[in-house]
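The block underneath contains the structure these notes are about, expressed in structure tokens.
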Amino acid sequence: MDQVQAMDRMYRYQKYIYDFTRKYYLLGRDTLIRRMDIKPDENVLEVGCGTARNLLLIAKRYPQAKLYGLDASTEMLDTAATKIRSTPYADRITLTHCLAEDLHHQRTFGVEKPFDKVFFSYSLSMIPPWLQALHVGLENLKSGGILYIVDFSDQRGLPKWFSFMLKRWLAMFGVHYHPELLVELQKLHDSGQGTLQITSLGGHYAFIAEFVKK
Ligand SMILES: C[S@@+](CC[C@H](N)C(=O)[O-])C[C@H]1O[C@@H](n2cnc3c(N)ncnc32)[C@H](O)[C@@H]1O
């Protein structure tokens with residue numbers, strides 16, 4: 001089964017309860033949105049936007065930002081489009097069906113220049129070619145732009161039984177923590193390709209990474 005089918009199967013029924021059930025356990029999404037500091041007219045892309053929960057909050061907080069979202073799941077995109085239609089932000093949010101690893105700002109969205117900001121919110125841990133998706137995200141980011149990631153961490157500050165249960169439960173949903181992700185970001189920082197800042201949340205339950213591309 002390919003990733004589009006897998007994600008559609010995963011979210012066919014979950015899309016109805018997604019926002020409510022993920023409200024607390026996808027920790028750090030609101031912190032990230034507050035930190036983003038989006039300037040007027042900046043183009044911002046969410047990779048794996050799901051139900052557009054984040055894009056709608058960003059649209060409200062940053063009234064002049066132009067927002068783009070892509071996702072592998074047509075089920076999630078249908079829910080997102082329905083939600084967006086009933087808000088005053090519809091003309092500032094563009095959604096498309098695309099795999100993270102296939103993104104190209106011009107071909108995918110018809111946007112001439114690379115994005116000012118690109119973010120992954122709990123999506124890299126679900127994307128099988130996550131390393132490729134990370135690099136494609138960076139390729140589609142302008143020089144001086146910021147790549148943000150919020151996702152699960154290693155839970156080393158939490159009881160072992162909790163971490164064990166959480167990892168098993170997440171694996172049932174195709175979610176996997178990749179310790180190599182932070183190593184890769186650090187390599188990019190060390191090789192002078194940008195500047196990395198990591199914030200740990202809730203006893204290393206989750207992390208926020210901000211990478212300013214050189
Ligand atoms: C856990 S949800 C997160 C949704 C949203 N970012 C949020 O914070 O609520 C992960 C999303 O990533 C999407 N996804 C998984 N693999 C993908 C891929 N290869 N390309 C694009 N999106 C993908 C899923 O369909 C799903 O909507």
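Here's how to read the names in the structure tokens: chain A, B, ... by the order shown, residue numbers from 1 in each chain, ligand numbers from 1 in the order shown.
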
Close residues to ligand 1 using only C-alpha atoms and all ligand atoms, limit 9 Å, as a ChimeraX atom specification: /A:3-4,6-8,10-11,15,18-19,22-23,26,29,46-55,70-77,97-103,119-130,133,150-151,173-175

Please, which residues of stretch 38-187 of chain A, numbered as in this document, come out strand (DSSP E or B) from DSSP, as a ChimeraX atom specification? /A:43-47,66-71,93-97,115-121,141-152

For those residues, write N, CA and C atoms to a file as a short mmCIF file (atom, residue, chain, number, x, y, z; two decimals), in the first residue's frame.
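The file below, out_33.cif, is the result:
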```
data_model
loop_
_atom_site.label_atom_id
_atom_site.label_comp_id
_atom_site.auth_asym_id
_atom_site.auth_seq_id
_atom_site.Cartn_x
_atom_site.Cartn_y
_atom_site.Cartn_z
N ASN A 43 5.05 34.14 2.77
CA ASN A 43 4.45 32.89 2.33
C ASN A 43 4.88 31.78 3.28
N VAL A 44 3.90 31.09 3.85
CA VAL A 44 4.20 30.06 4.84
C VAL A 44 3.59 28.73 4.40
N LEU A 45 4.38 27.68 4.44
CA LEU A 45 3.90 26.36 4.03
C LEU A 45 3.89 25.39 5.20
N GLU A 46 2.78 24.68 5.38
CA GLU A 46 2.76 23.55 6.32
C GLU A 46 2.80 22.25 5.52
N VAL A 47 3.79 21.42 5.82
CA VAL A 47 3.94 20.12 5.15
C VAL A 47 3.24 19.07 6.03
N LYS A 66 0.30 34.71 3.80
CA LYS A 66 -0.29 33.85 2.77
C LYS A 66 0.10 32.42 3.10
N LEU A 67 -0.90 31.56 3.21
CA LEU A 67 -0.66 30.23 3.76
C LEU A 67 -0.91 29.13 2.75
N TYR A 68 -0.06 28.11 2.84
CA TYR A 68 -0.14 26.96 1.93
C TYR A 68 -0.04 25.69 2.76
N GLY A 69 -0.81 24.68 2.34
CA GLY A 69 -0.75 23.40 3.04
C GLY A 69 -0.79 22.26 2.05
N LEU A 70 0.02 21.24 2.30
CA LEU A 70 -0.06 20.04 1.48
C LEU A 70 -0.22 18.84 2.39
N ASP A 71 -0.83 17.80 1.86
CA ASP A 71 -0.99 16.57 2.65
C ASP A 71 -1.13 15.38 1.71
N ILE A 93 -5.63 30.90 2.21
CA ILE A 93 -5.10 29.55 2.44
C ILE A 93 -5.30 28.69 1.20
N THR A 94 -4.20 28.12 0.70
CA THR A 94 -4.26 27.25 -0.47
C THR A 94 -3.82 25.85 -0.05
N LEU A 95 -4.65 24.88 -0.40
CA LEU A 95 -4.32 23.49 -0.05
C LEU A 95 -4.07 22.68 -1.31
N THR A 96 -3.23 21.67 -1.21
CA THR A 96 -3.07 20.77 -2.34
C THR A 96 -2.70 19.37 -1.88
N HIS A 97 -3.04 18.42 -2.75
CA HIS A 97 -2.72 17.03 -2.47
C HIS A 97 -1.34 16.73 -3.04
N PHE A 115 9.52 29.51 -0.17
CA PHE A 115 8.72 30.01 0.95
C PHE A 115 9.58 30.77 1.97
N ASP A 116 8.92 31.68 2.70
CA ASP A 116 9.61 32.41 3.78
C ASP A 116 9.72 31.53 5.02
N LYS A 117 8.70 30.71 5.21
CA LYS A 117 8.70 29.79 6.36
C LYS A 117 8.07 28.47 5.93
N VAL A 118 8.67 27.38 6.40
CA VAL A 118 8.14 26.04 6.13
C VAL A 118 8.06 25.33 7.47
N PHE A 119 6.95 24.66 7.75
CA PHE A 119 6.91 23.92 9.01
C PHE A 119 6.28 22.54 8.89
N PHE A 120 6.77 21.66 9.77
CA PHE A 120 6.28 20.28 9.89
C PHE A 120 5.75 20.14 11.32
N SER A 121 4.48 19.93 11.48
CA SER A 121 3.90 19.76 12.82
C SER A 121 3.41 18.31 12.96
N LEU A 141 12.73 26.51 0.77
CA LEU A 141 12.78 27.61 1.73
C LEU A 141 13.79 28.63 1.23
N LYS A 142 13.44 29.90 1.33
CA LYS A 142 14.37 30.93 0.84
C LYS A 142 15.59 31.03 1.76
N SER A 143 16.64 31.62 1.25
CA SER A 143 17.80 31.89 2.07
C SER A 143 17.39 32.93 3.13
N GLY A 144 17.68 32.66 4.39
CA GLY A 144 17.23 33.55 5.48
C GLY A 144 15.87 33.14 6.02
N GLY A 145 15.21 32.19 5.36
CA GLY A 145 13.90 31.70 5.82
C GLY A 145 14.06 30.73 6.99
N ILE A 146 12.95 30.40 7.62
CA ILE A 146 13.02 29.53 8.80
C ILE A 146 12.19 28.26 8.59
N LEU A 147 12.84 27.13 8.92
CA LEU A 147 12.16 25.84 8.93
C LEU A 147 11.87 25.48 10.39
N TYR A 148 10.61 25.15 10.65
CA TYR A 148 10.23 24.78 12.02
C TYR A 148 9.75 23.32 12.01
N ILE A 149 10.08 22.64 13.11
CA ILE A 149 9.54 21.29 13.31
C ILE A 149 9.05 21.19 14.75
N VAL A 150 7.83 20.71 14.92
CA VAL A 150 7.39 20.30 16.26
C VAL A 150 7.00 18.84 16.13
N ASP A 151 7.53 18.01 17.06
CA ASP A 151 7.25 16.58 16.93
C ASP A 151 7.61 15.86 18.23
N PHE A 152 7.32 14.56 18.26
CA PHE A 152 7.64 13.77 19.44
C PHE A 152 9.15 13.71 19.62
#
```

Work out how far apart atom CA of A:Ser153 and atom CA of A:Asp37 are and give it in Å to one decimal. 23.8 Å

What's the separation between atom CA of A:Gln106 and atom CA of A:Leu196, in Å to one decimal place?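 According to the coordinates, atom CA of A:Gln106 and atom CA of A:Leu196 are separated by 26.7 Å.
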
Using Å and a single decimal, report how far atom CA of A:Ile198 sits from atom CA of A:Met36. 14.0 Å

Show me, as a list of chain:residue names, the residues that have an atom within 9 Å of A:Gln186 when counting only C-alpha atoms, minus same-chain residues fewer than 4 positions from it. A:Leu181, A:Leu182, A:Asp190, A:Ser191, A:Thr195, A:Leu196

Those same residues, written as a PDB file, in the first residue's frame with N, CA and C atoms?
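That gives us result38.pdb:
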```pdb
ATOM      1  N   LEU A 181      16.912  12.551  13.290  1.00  0.00           N
ATOM      2  CA  LEU A 181      16.450  13.842  12.770  1.00  0.00           C
ATOM      3  C   LEU A 181      17.216  15.002  13.406  1.00  0.00           C
ATOM      4  N   LEU A 182      17.344  14.961  14.749  1.00  0.00           N
ATOM      5  CA  LEU A 182      18.058  16.052  15.417  1.00  0.00           C
ATOM      6  C   LEU A 182      19.550  16.010  15.077  1.00  0.00           C
ATOM      7  N   ASP A 190      26.275  22.593  12.030  1.00  0.00           N
ATOM      8  CA  ASP A 190      27.732  22.523  12.174  1.00  0.00           C
ATOM      9  C   ASP A 190      28.447  22.778  10.852  1.00  0.00           C
ATOM     10  N   SER A 191      27.785  22.442   9.744  1.00  0.00           N
ATOM     11  CA  SER A 191      28.447  22.658   8.450  1.00  0.00           C
ATOM     12  C   SER A 191      28.147  24.058   7.899  1.00  0.00           C
ATOM     13  N   THR A 195      21.349  28.031  11.173  1.00  0.00           N
ATOM     14  CA  THR A 195      21.488  28.119  12.626  1.00  0.00           C
ATOM     15  C   THR A 195      20.328  27.385  13.274  1.00  0.00           C
ATOM     16  N   LEU A 196      20.669  26.486  14.192  1.00  0.00           N
ATOM     17  CA  LEU A 196      19.651  25.627  14.806  1.00  0.00           C
ATOM     18  C   LEU A 196      19.408  25.993  16.256  1.00  0.00           C
TER      19      LEU A 196
END
```

Neighbours of A:Lys39 within 9 Å (only C-alpha atoms; same-chain residues fewer than 6 positions away dropped), as JSON, numbers by chain? {"A": [62, 64, 65]}

Compile the contact shell of A:His104 as a PyMOL selection string: residues with an atom at most 8 Å away, counting only C-alpha atoms, same-chain residues fewer than 5 positions apart removed. chain A and resi 109+136+140

Identify, with DSSP run on backbone atoms, the residues in stretch 100-206 of chain A assigned to helix (DSSP H, G or I), and express the list as a PyMOL selection string. chain A and resi 100-102+105-109+124-126+130-139+160-172+179-190
